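entry-v3.pdb (PDB, C-alpha atoms, pLDDT in the B column)
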ATOM      1  CA  MET A  94      61.944 173.179 144.100  1.00 40.00           C
ATOM      2  CA  THR A  95      59.179 175.412 142.802  1.00 38.00           C
ATOM      3  CA  LYS A  96      60.600 176.014 139.297  1.00 44.00           C
ATOM      4  CA  PRO A  97      62.521 173.739 136.929  1.00 54.00           C
ATOM      5  CA  ASN A  98      65.221 176.347 136.248  1.00 68.00           C
ATOM      6  CA  GLN A  99      68.768 175.625 137.318  1.00 86.00           C
ATOM      7  CA  GLN A 100      70.320 178.096 139.750  1.00 94.00           C
ATOM      8  CA  SER A 101      73.904 178.857 140.673  1.00 97.00           C
ATOM      9  CA  ILE A 102      74.056 180.433 144.127  1.00 98.00           C
ATOM     10  CA  VAL A 103      76.733 182.099 146.251  1.00 98.00           C
ATOM     11  CA  MET A 104      76.077 182.451 149.956  1.00 98.00           C
ATOM     12  CA  LEU A 105      77.707 184.554 152.680  1.00 98.00           C
ATOM     13  CA  GLY A 106      76.925 183.728 156.296  1.00 94.00           C
ATOM     14  CA  ALA A 107      75.927 180.082 156.060  1.00 95.00           C
ATOM     15  CA  SER A 108      77.232 179.157 159.519  1.00 91.00           C
ATOM     16  CA  GLY A 109      74.729 181.200 161.553  1.00 91.00           C
ATOM     17  CA  ALA A 110      71.336 179.969 162.722  1.00 92.00           C
ATOM     18  CA  VAL A 111      69.346 181.241 159.738  1.00 95.00           C
ATOM     19  CA  GLY A 112      72.216 180.540 157.356  1.00 96.00           C
ATOM     20  CA  THR A 113      72.378 176.927 158.515  1.00 95.00           C
ATOM     21  CA  ALA A 114      68.633 176.454 158.026  1.00 96.00           C
ATOM     22  CA  THR A 115      68.865 178.008 154.573  1.00 97.00           C
ATOM     23  CA  LEU A 116      71.869 175.902 153.637  1.00 97.00           C
ATOM     24  CA  ASN A 117      70.234 172.654 154.770  1.00 96.00           C
ATOM     25  CA  THR A 118      67.316 173.365 152.446  1.00 96.00           C
ATOM     26  CA  LEU A 119      69.583 174.212 149.530  1.00 97.00           C
ATOM     27  CA  LEU A 120      71.540 170.992 149.998  1.00 96.00           C
ATOM     28  CA  SER A 121      68.353 169.022 149.344  1.00 92.00           C
ATOM     29  CA  CYS A 122      67.551 170.878 146.128  1.00 88.00           C
ATOM     30  CA  ARG A 123      67.651 169.057 142.817  1.00 84.00           C
ATOM     31  CA  ASN A 124      68.164 172.002 140.511  1.00 90.00           C
ATOM     32  CA  ILE A 125      71.254 173.794 141.767  1.00 95.00           C
ATOM     33  CA  SER A 126      74.163 173.654 139.368  1.00 94.00           C
ATOM     34  CA  LYS A 127      76.588 175.288 141.798  1.00 96.00           C
ATOM     35  CA  LEU A 128      76.480 176.436 145.424  1.00 98.00           C
ATOM     36  CA  THR A 129      79.436 178.462 146.665  1.00 98.00           C
ATOM     37  CA  LEU A 130      79.808 179.097 150.396  1.00 98.00           C
ATOM     38  CA  LEU A 131      81.942 182.009 151.579  1.00 98.00           C
ATOM     39  CA  GLY A 132      82.870 182.415 155.223  1.00 94.00           C
ATOM     40  CA  ARG A 133      85.514 182.901 157.837  1.00 91.00           C
ATOM     41  CA  LYS A 134      85.631 179.131 158.260  1.00 91.00           C
ATOM     42  CA  THR A 135      84.527 176.115 156.272  1.00 92.00           C
ATOM     43  CA  ILE A 136      81.499 174.069 157.292  1.00 95.00           C
ATOM     44  CA  SER A 137      82.160 170.403 157.970  1.00 93.00           C
ATOM     45  CA  GLY A 138      80.057 167.453 156.883  1.00 92.00           C
ATOM     46  CA  ILE A 139      79.006 168.745 153.450  1.00 94.00           C
ATOM     47  CA  GLU A 140      79.453 166.095 150.774  1.00 88.00           C
ATOM     48  CA  ALA A 141      77.304 167.405 147.900  1.00 91.00           C
ATOM     49  CA  ASP A 142      79.400 167.586 144.752  1.00 92.00           C
ATOM     50  CA  PHE A 143      77.845 170.884 143.641  1.00 95.00           C
ATOM     51  CA  VAL A 144      79.117 172.724 146.750  1.00 97.00           C
ATOM     52  CA  ASN A 145      82.352 174.715 146.852  1.00 96.00           C
ATOM     53  CA  GLN A 146      83.662 176.375 150.013  1.00 97.00           C
ATOM     54  CA  HIS A 147      86.169 179.191 150.378  1.00 97.00           C
ATOM     55  CA  LYS A 148      87.648 180.735 153.517  1.00 96.00           C
ATOM     56  CA  ILE A 149      87.596 184.509 153.155  1.00 97.00           C
ATOM     57  CA  SER A 150      87.862 187.760 155.057  1.00 96.00           C
ATOM     58  CA  VAL A 151      84.383 189.321 155.134  1.00 94.00           C
ATOM     59  CA  SER A 152      86.018 192.740 155.464  1.00 93.00           C
ATOM     60  CA  ASP A 153      88.123 192.338 152.315  1.00 95.00           C
ATOM     61  CA  ASN A 154      86.171 191.891 149.089  1.00 94.00           C
ATOM     62  CA  GLY A 155      89.441 191.152 147.316  1.00 95.00           C
ATOM     63  CA  SER A 156      89.513 187.849 149.196  1.00 96.00           C
ATOM     64  CA  TYR A 157      86.367 186.586 147.469  1.00 97.00           C
ATOM     65  CA  GLU A 158      85.695 188.567 144.270  1.00 97.00           C
ATOM     66  CA  ALA A 159      87.184 185.820 142.122  1.00 96.00           C
ATOM     67  CA  PHE A 160      84.671 183.312 143.509  1.00 98.00           C
ATOM     68  CA  LEU A 161      81.551 185.265 142.487  1.00 98.00           C
ATOM     69  CA  THR A 162      81.652 184.905 138.722  1.00 96.00           C
ATOM     70  CA  GLY A 163      79.189 182.480 137.190  1.00 96.00           C
ATOM     71  CA  HIS A 164      76.432 182.732 139.802  1.00 97.00           C
ATOM     72  CA  SER A 165      72.853 183.797 139.160  1.00 97.00           C
ATOM     73  CA  SER A 166      71.824 184.526 142.768  1.00 98.00           C
ATOM     74  CA  ALA A 167      73.357 185.551 146.094  1.00 98.00           C
ATOM     75  CA  ILE A 168      72.103 184.989 149.633  1.00 98.00           C
ATOM     76  CA  CYS A 169      73.486 187.029 152.529  1.00 98.00           C
ATOM     77  CA  THR A 170      72.687 186.014 156.098  1.00 97.00           C
ATOM     78  CA  LEU A 171      75.826 187.604 157.550  1.00 95.00           C
ATOM     79  CA  GLY A 172      75.257 189.511 160.749  1.00 89.00           C
ATOM     80  CA  VAL A 173      76.128 189.953 164.398  1.00 83.00           C
ATOM     81  CA  GLY A 174      74.157 187.626 166.647  1.00 71.00           C
ATOM     82  CA  GLU A 175      74.028 190.014 169.608  1.00 72.00           C
ATOM     83  CA  PRO A 176      74.555 193.624 168.465  1.00 73.00           C
ATOM     84  CA  SER A 177      74.345 194.888 172.046  1.00 69.00           C
ATOM     85  CA  LYS A 178      77.485 192.940 172.919  1.00 77.00           C
ATOM     86  CA  ILE A 179      79.774 194.826 170.509  1.00 84.00           C
ATOM     87  CA  SER A 180      80.521 198.461 169.714  1.00 91.00           C
ATOM     88  CA  LYS A 181      78.442 200.386 167.220  1.00 92.00           C
ATOM     89  CA  GLU A 182      81.530 200.727 165.048  1.00 93.00           C
ATOM     90  CA  GLU A 183      82.042 196.960 164.918  1.00 93.00           C
ATOM     91  CA  PHE A 184      78.356 196.409 164.182  1.00 92.00           C
ATOM     92  CA  ILE A 185      78.515 198.837 161.248  1.00 95.00           C
ATOM     93  CA  LYS A 186      81.682 197.164 159.985  1.00 95.00           C
ATOM     94  CA  ILE A 187      80.048 193.741 159.794  1.00 94.00           C
ATOM     95  CA  ASP A 188      76.312 194.252 159.313  1.00 95.00           C
ATOM     96  CA  LYS A 189      76.476 197.238 156.995  1.00 96.00           C
ATOM     97  CA  ILE A 190      79.843 197.787 155.326  1.00 97.00           C
ATOM     98  CA  ALA A 191      80.790 194.134 154.807  1.00 97.00           C
ATOM     99  CA  VAL A 192      77.320 193.292 153.485  1.00 97.00           C
ATOM    100  CA  LEU A 193      77.266 196.269 151.125  1.00 98.00           C
ATOM    101  CA  ASP A 194      80.757 195.446 149.844  1.00 97.00           C
ATOM    102  CA  PHE A 195      79.590 191.894 149.162  1.00 98.00           C
ATOM    103  CA  ALA A 196      76.541 193.170 147.285  1.00 98.00           C
ATOM    104  CA  ILE A 197      78.634 195.564 145.194  1.00 98.00           C
ATOM    105  CA  ALA A 198      80.999 192.739 144.284  1.00 98.00           C
ATOM    106  CA  CYS A 199      78.032 190.521 143.390  1.00 98.00           C
ATOM    107  CA  LYS A 200      76.613 193.206 141.120  1.00 98.00           C
ATOM    108  CA  ARG A 201      79.964 193.624 139.374  1.00 97.00           C
ATOM    109  CA  ALA A 202      80.118 189.850 138.873  1.00 98.00           C
ATOM    110  CA  GLY A 203      76.788 189.870 137.030  1.00 97.00           C
ATOM    111  CA  ILE A 204      74.612 188.358 139.753  1.00 98.00           C
ATOM    112  CA  LYS A 205      70.963 189.173 139.071  1.00 98.00           C
ATOM    113  CA  HIS A 206      69.161 188.312 142.327  1.00 98.00           C
ATOM    114  CA  PHE A 207      70.310 189.339 145.802  1.00 98.00           C
ATOM    115  CA  GLU A 208      68.651 188.157 149.031  1.00 98.00           C
ATOM    116  CA  LEU A 209      69.330 189.761 152.416  1.00 98.00           C
ATOM    117  CA  LEU A 210      68.384 188.731 155.936  1.00 98.00           C
ATOM    118  CA  ALA A 211      67.374 191.990 157.625  1.00 97.00           C
ATOM    119  CA  SER A 212      64.794 192.779 160.317  1.00 95.00           C
ATOM    120  CA  VAL A 213      61.253 194.012 160.688  1.00 95.00           C
ATOM    121  CA  GLY A 214      61.005 197.732 161.423  1.00 94.00           C
ATOM    122  CA  ILE A 215      64.115 198.852 159.573  1.00 96.00           C
ATOM    123  CA  HIS A 216      64.084 202.376 158.161  1.00 96.00           C
ATOM    124  CA  PRO A 217      66.850 204.850 157.257  1.00 96.00           C
ATOM    125  CA  ALA A 218      65.191 207.470 159.475  1.00 96.00           C
ATOM    126  CA  SER A 219      64.553 205.212 162.473  1.00 96.00           C
ATOM    127  CA  ARG A 220      65.397 206.626 165.897  1.00 95.00           C
ATOM    128  CA  TYR A 221      66.937 203.267 166.799  1.00 93.00           C
ATOM    129  CA  PHE A 222      70.533 202.752 165.746  1.00 94.00           C
ATOM    130  CA  TYR A 223      70.233 199.116 164.664  1.00 93.00           C
ATOM    131  CA  LEU A 224      67.072 199.641 162.637  1.00 94.00           C
ATOM    132  CA  ARG A 225      68.435 202.837 161.100  1.00 96.00           C
ATOM    133  CA  ALA A 226      71.702 201.179 160.037  1.00 96.00           C
ATOM    134  CA  LYS A 227      69.845 198.279 158.431  1.00 96.00           C
ATOM    135  CA  GLY A 228      67.480 200.700 156.725  1.00 97.00           C
ATOM    136  CA  GLU A 229      70.399 202.660 155.316  1.00 98.00           C
ATOM    137  CA  LEU A 230      71.911 199.424 154.061  1.00 98.00           C
ATOM    138  CA  VAL A 231      68.749 198.463 152.203  1.00 98.00           C
ATOM    139  CA  GLU A 232      68.551 201.893 150.570  1.00 98.00           C
ATOM    140  CA  ALA A 233      72.126 201.423 149.347  1.00 98.00           C
ATOM    141  CA  LEU A 234      71.264 197.972 148.021  1.00 98.00           C
ATOM    142  CA  LYS A 235      68.291 199.384 146.126  1.00 98.00           C
ATOM    143  CA  ASP A 236      70.632 201.860 144.441  1.00 98.00           C
ATOM    144  CA  LEU A 237      72.631 198.942 142.997  1.00 98.00           C
ATOM    145  CA  ASN A 238      69.645 198.055 140.797  1.00 98.00           C
ATOM    146  CA  PHE A 239      69.746 194.287 140.968  1.00 98.00           C
ATOM    147  CA  ASP A 240      67.202 192.675 138.657  1.00 98.00           C
ATOM    148  CA  ARG A 241      65.624 191.342 141.856  1.00 98.00           C
ATOM    149  CA  LEU A 242      66.276 192.368 145.450  1.00 98.00           C
ATOM    150  CA  SER A 243      64.605 190.326 148.208  1.00 98.00           C
ATOM    151  CA  ILE A 244      64.690 191.723 151.745  1.00 98.00           C
ATOM    152  CA  PHE A 245      63.626 189.306 154.485  1.00 98.00           C
ATOM    153  CA  GLN A 246      62.287 191.102 157.556  1.00 97.00           C
ATOM    154  CA  PRO A 247      61.660 188.730 160.476  1.00 96.00           C
ATOM    155  CA  SER A 248      60.729 189.850 163.963  1.00 91.00           C
ATOM    156  CA  MET A 249      61.860 187.445 166.680  1.00 86.00           C
ATOM    157  CA  ILE A 250      63.617 184.402 165.203  1.00 91.00           C
ATOM    158  CA  LEU A 251      62.654 181.352 167.233  1.00 88.00           C
ATOM    159  CA  THR A 252      65.520 178.893 167.539  1.00 83.00           C
ATOM    160  CA  PRO A 253      65.187 175.433 169.108  1.00 71.00           C
ATOM    161  CA  SER A 254      67.933 176.217 171.611  1.00 59.00           C
ATOM    162  CA  ASN A 255      69.020 179.265 173.570  1.00 52.00           C
ATOM    163  CA  ARG A 256      72.202 180.679 172.059  1.00 51.00           C
ATOM    164  CA  TYR A 257      72.648 183.991 173.870  1.00 48.00           C
ATOM    165  CA  GLY A 258      71.875 183.601 177.563  1.00 47.00           C
ATOM    166  CA  LEU A 259      69.047 184.479 179.946  1.00 43.00           C
ATOM    167  CA  SER A 260      67.446 187.302 177.977  1.00 53.00           C
ATOM    168  CA  GLN A 261      67.016 185.130 174.888  1.00 50.00           C
ATOM    169  CA  ALA A 262      65.792 182.216 176.998  1.00 48.00           C
ATOM    170  CA  ILE A 263      62.992 184.405 178.363  1.00 52.00           C
ATOM    171  CA  THR A 264      62.175 185.783 174.929  1.00 58.00           C
ATOM    172  CA  LEU A 265      61.970 182.324 173.361  1.00 54.00           C
ATOM    173  CA  LYS A 266      59.443 181.338 176.029  1.00 60.00           C
ATOM    174  CA  VAL A 267      57.330 184.492 175.931  1.00 62.00           C
ATOM    175  CA  TRP A 268      57.259 185.516 172.263  1.00 57.00           C
ATOM    176  CA  PRO A 269      55.209 182.555 170.955  1.00 65.00           C
ATOM    177  CA  LEU A 270      52.547 183.375 173.559  1.00 61.00           C
ATOM    178  CA  LEU A 271      52.028 186.771 171.905  1.00 66.00           C
ATOM    179  CA  LYS A 272      50.945 185.300 168.575  1.00 70.00           C
ATOM    180  CA  PRO A 273      47.147 185.429 169.229  1.00 70.00           C
ATOM    181  CA  PHE A 274      47.443 189.155 169.988  1.00 66.00           C
ATOM    182  CA  LEU A 275      49.520 190.078 166.940  1.00 69.00           C
ATOM    183  CA  LEU A 276      46.765 190.554 164.389  1.00 76.00           C
ATOM    184  CA  GLY A 277      46.279 192.714 161.304  1.00 81.00           C
ATOM    185  CA  SER A 278      49.221 195.059 160.774  1.00 84.00           C
ATOM    186  CA  LEU A 279      50.924 193.506 163.814  1.00 84.00           C
ATOM    187  CA  ARG A 280      51.203 190.068 162.200  1.00 89.00           C
ATOM    188  CA  LYS A 281      54.684 190.953 160.926  1.00 91.00           C
ATOM    189  CA  TYR A 282      55.894 190.986 164.546  1.00 88.00           C
ATOM    190  CA  ARG A 283      55.026 187.341 165.141  1.00 91.00           C
ATOM    191  CA  GLY A 284      57.939 185.079 165.968  1.00 89.00           C
ATOM    192  CA  ILE A 285      59.170 182.909 163.124  1.00 93.00           C
ATOM    193  CA  PRO A 286      60.768 179.471 163.605  1.00 93.00           C
ATOM    194  CA  VAL A 287      64.285 179.547 162.210  1.00 95.00           C
ATOM    195  CA  GLU A 288      63.617 176.488 160.025  1.00 95.00           C
ATOM    196  CA  VAL A 289      60.635 178.191 158.382  1.00 96.00           C
ATOM    197  CA  LEU A 290      62.653 181.341 157.720  1.00 97.00           C
ATOM    198  CA  GLY A 291      65.602 179.390 156.352  1.00 97.00           C
ATOM    199  CA  GLN A 292      63.430 177.349 154.024  1.00 97.00           C
ATOM    200  CA  ALA A 293      61.708 180.512 152.811  1.00 97.00           C
ATOM    201  CA  MET A 294      65.034 182.152 151.976  1.00 98.00           C
ATOM    202  CA  ALA A 295      66.125 179.065 150.043  1.00 97.00           C
ATOM    203  CA  LYS A 296      62.856 178.415 148.221  1.00 96.00           C
ATOM    204  CA  ASN A 297      62.391 182.056 147.242  1.00 97.00           C
ATOM    205  CA  ILE A 298      65.405 181.757 144.956  1.00 96.00           C
ATOM    206  CA  PHE A 299      63.422 179.413 142.698  1.00 94.00           C
ATOM    207  CA  ILE A 300      60.240 181.462 142.548  1.00 94.00           C
ATOM    208  CA  LYS A 301      60.009 183.815 139.601  1.00 92.00           C
ATOM    209  CA  GLY A 302      60.135 187.479 140.533  1.00 94.00           C
ATOM    210  CA  GLU A 303      61.661 190.819 139.716  1.00 95.00           C
ATOM    211  CA  GLY A 304      62.323 194.214 141.244  1.00 97.00           C
ATOM    212  CA  TYR A 305      62.325 195.053 144.940  1.00 98.00           C
ATOM    213  CA  GLU A 306      60.385 192.874 147.365  1.00 98.00           C
ATOM    214  CA  ILE A 307      59.929 192.816 151.125  1.00 98.00           C
ATOM    215  CA  LEU A 308      59.089 189.503 152.774  1.00 98.00           C
ATOM    216  CA  GLN A 309      57.638 189.373 156.294  1.00 97.00           C
ATOM    217  CA  TRP A 310      55.803 186.812 158.444  1.00 95.00           C
ATOM    218  CA  ASP A 311      52.944 186.073 156.037  1.00 95.00           C
ATOM    219  CA  GLN A 312      55.252 185.893 153.017  1.00 97.00           C
ATOM    220  CA  PHE A 313      57.632 183.561 154.864  1.00 97.00           C
ATOM    221  CA  TYR A 314      54.865 181.005 155.247  1.00 95.00           C
ATOM    222  CA  THR A 315      53.617 181.479 151.685  1.00 96.00           C
ATOM    223  CA  VAL A 316      57.050 180.653 150.309  1.00 96.00           C
ATOM    224  CA  PHE A 317      57.691 177.963 152.927  1.00 94.00           C
ATOM    225  CA  LYS A 318      54.596 176.054 151.781  1.00 89.00           C
ATOM    226  CA  GLN A 319      55.801 175.888 148.190  1.00 83.00           C
ATOM    227  CA  ASN A 320      56.392 172.318 147.070  1.00 71.00           C
ATOM    228  CA  ASP A 321      59.917 171.078 146.534  1.00 53.00           C
TER     229      ASP A 321
END

Written form, structure tokens:
Amino acid sequence: MTKPNQQSIVMLGASGAVGTATLNTLLSCRNISKLTLLGRKTISGIEADFVNQHKISVSDNGSYEAFLTGHSSAICTLGVGEPSKISKEEFIKIDKIAVLDFAIACKRAGIKHFELLASVGIHPASRYFYLRAKGELVEALKDLNFDRLSIFQPSMILTPSNRYGLSQAITLKVWPLLKPFLLGSLRKYRGIPVEVLGQAMAKNIFIKGEGYEILQWDQFYTVFKQND
């Protein structure tokens, strides 16, 4: 990847669209000493000898705390695919509480760098429930004082196939057409191919950094273009 340093990484949410793209990039890396995947189910077809998988309950940090020790970085792509299809309470349980519990456990285990898949427009004072909840989560993560906290804020994530029905099918067709009009401060709202986002989340682990950082459309491509 971009730096010769070895990394040991734990990942929560590797079975989703962005998680899969991130994982596929990590599996091709030459300088990972250990990659631990935590999820509600194991992922088939992985043969790399540096990968360990553990079935856990995302709502019970006691089911995975023992697996966190010895990692330098954590990647969290856990989240509800269609928030509008579940209750607000269930959304908070998964996208906010479970993620924060994971981050707290990572901090206790000595993990220095935490990466989160979030969304553009998040803010703890947002009038929109989803954006407000994600903004509150990020504020809580900042309070944990990781050596490095990387918050990825995509707008529309462009997947090669429609996963959620008619509304997403329309969006996947229309959103790329908006790109020429999203200029200046609106660039962050451009759609991002899921493979580009996933590679950026993986490659960012190997780029030297510290403190709190927000990555949006332009930063995704900057990191994505880094040489392996």

Select, from A:Lys296, A:Arg133, A:Arg201, A:Lys235, the residue with the minimum atom-to-atom distance to Ala114 of chain A, counting only C-alpha atoms. A:Lys296

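Interatomic distance, atom CA of His164 of chain A to atom CA of His206 of chain A: 9.5 Å.
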
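For the structure shown here, the set of residues caught by the PyMOL selection byres ((chain A and resi 309-315) around 7) is Phe245, Gln246, Pro247, Arg280, Lys281, Arg283, Ile285, Leu290, Ala293, Ile307, Leu308, Val316, Phe317, Lys318 and Gln319 of chain A.
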
Which residues, written as number ranges by chain, have at least one atom at most 12 Å from segment 217-221 of chain A, with only C-alpha atoms counted and residues fewer than 2 positions away on the same chain left out? A: 181, 213-215, 223-233

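Reported to one decimal place, the separation of atom CA of Ile204 of chain A from atom CA of Phe299 of chain A is 14.6 Å.
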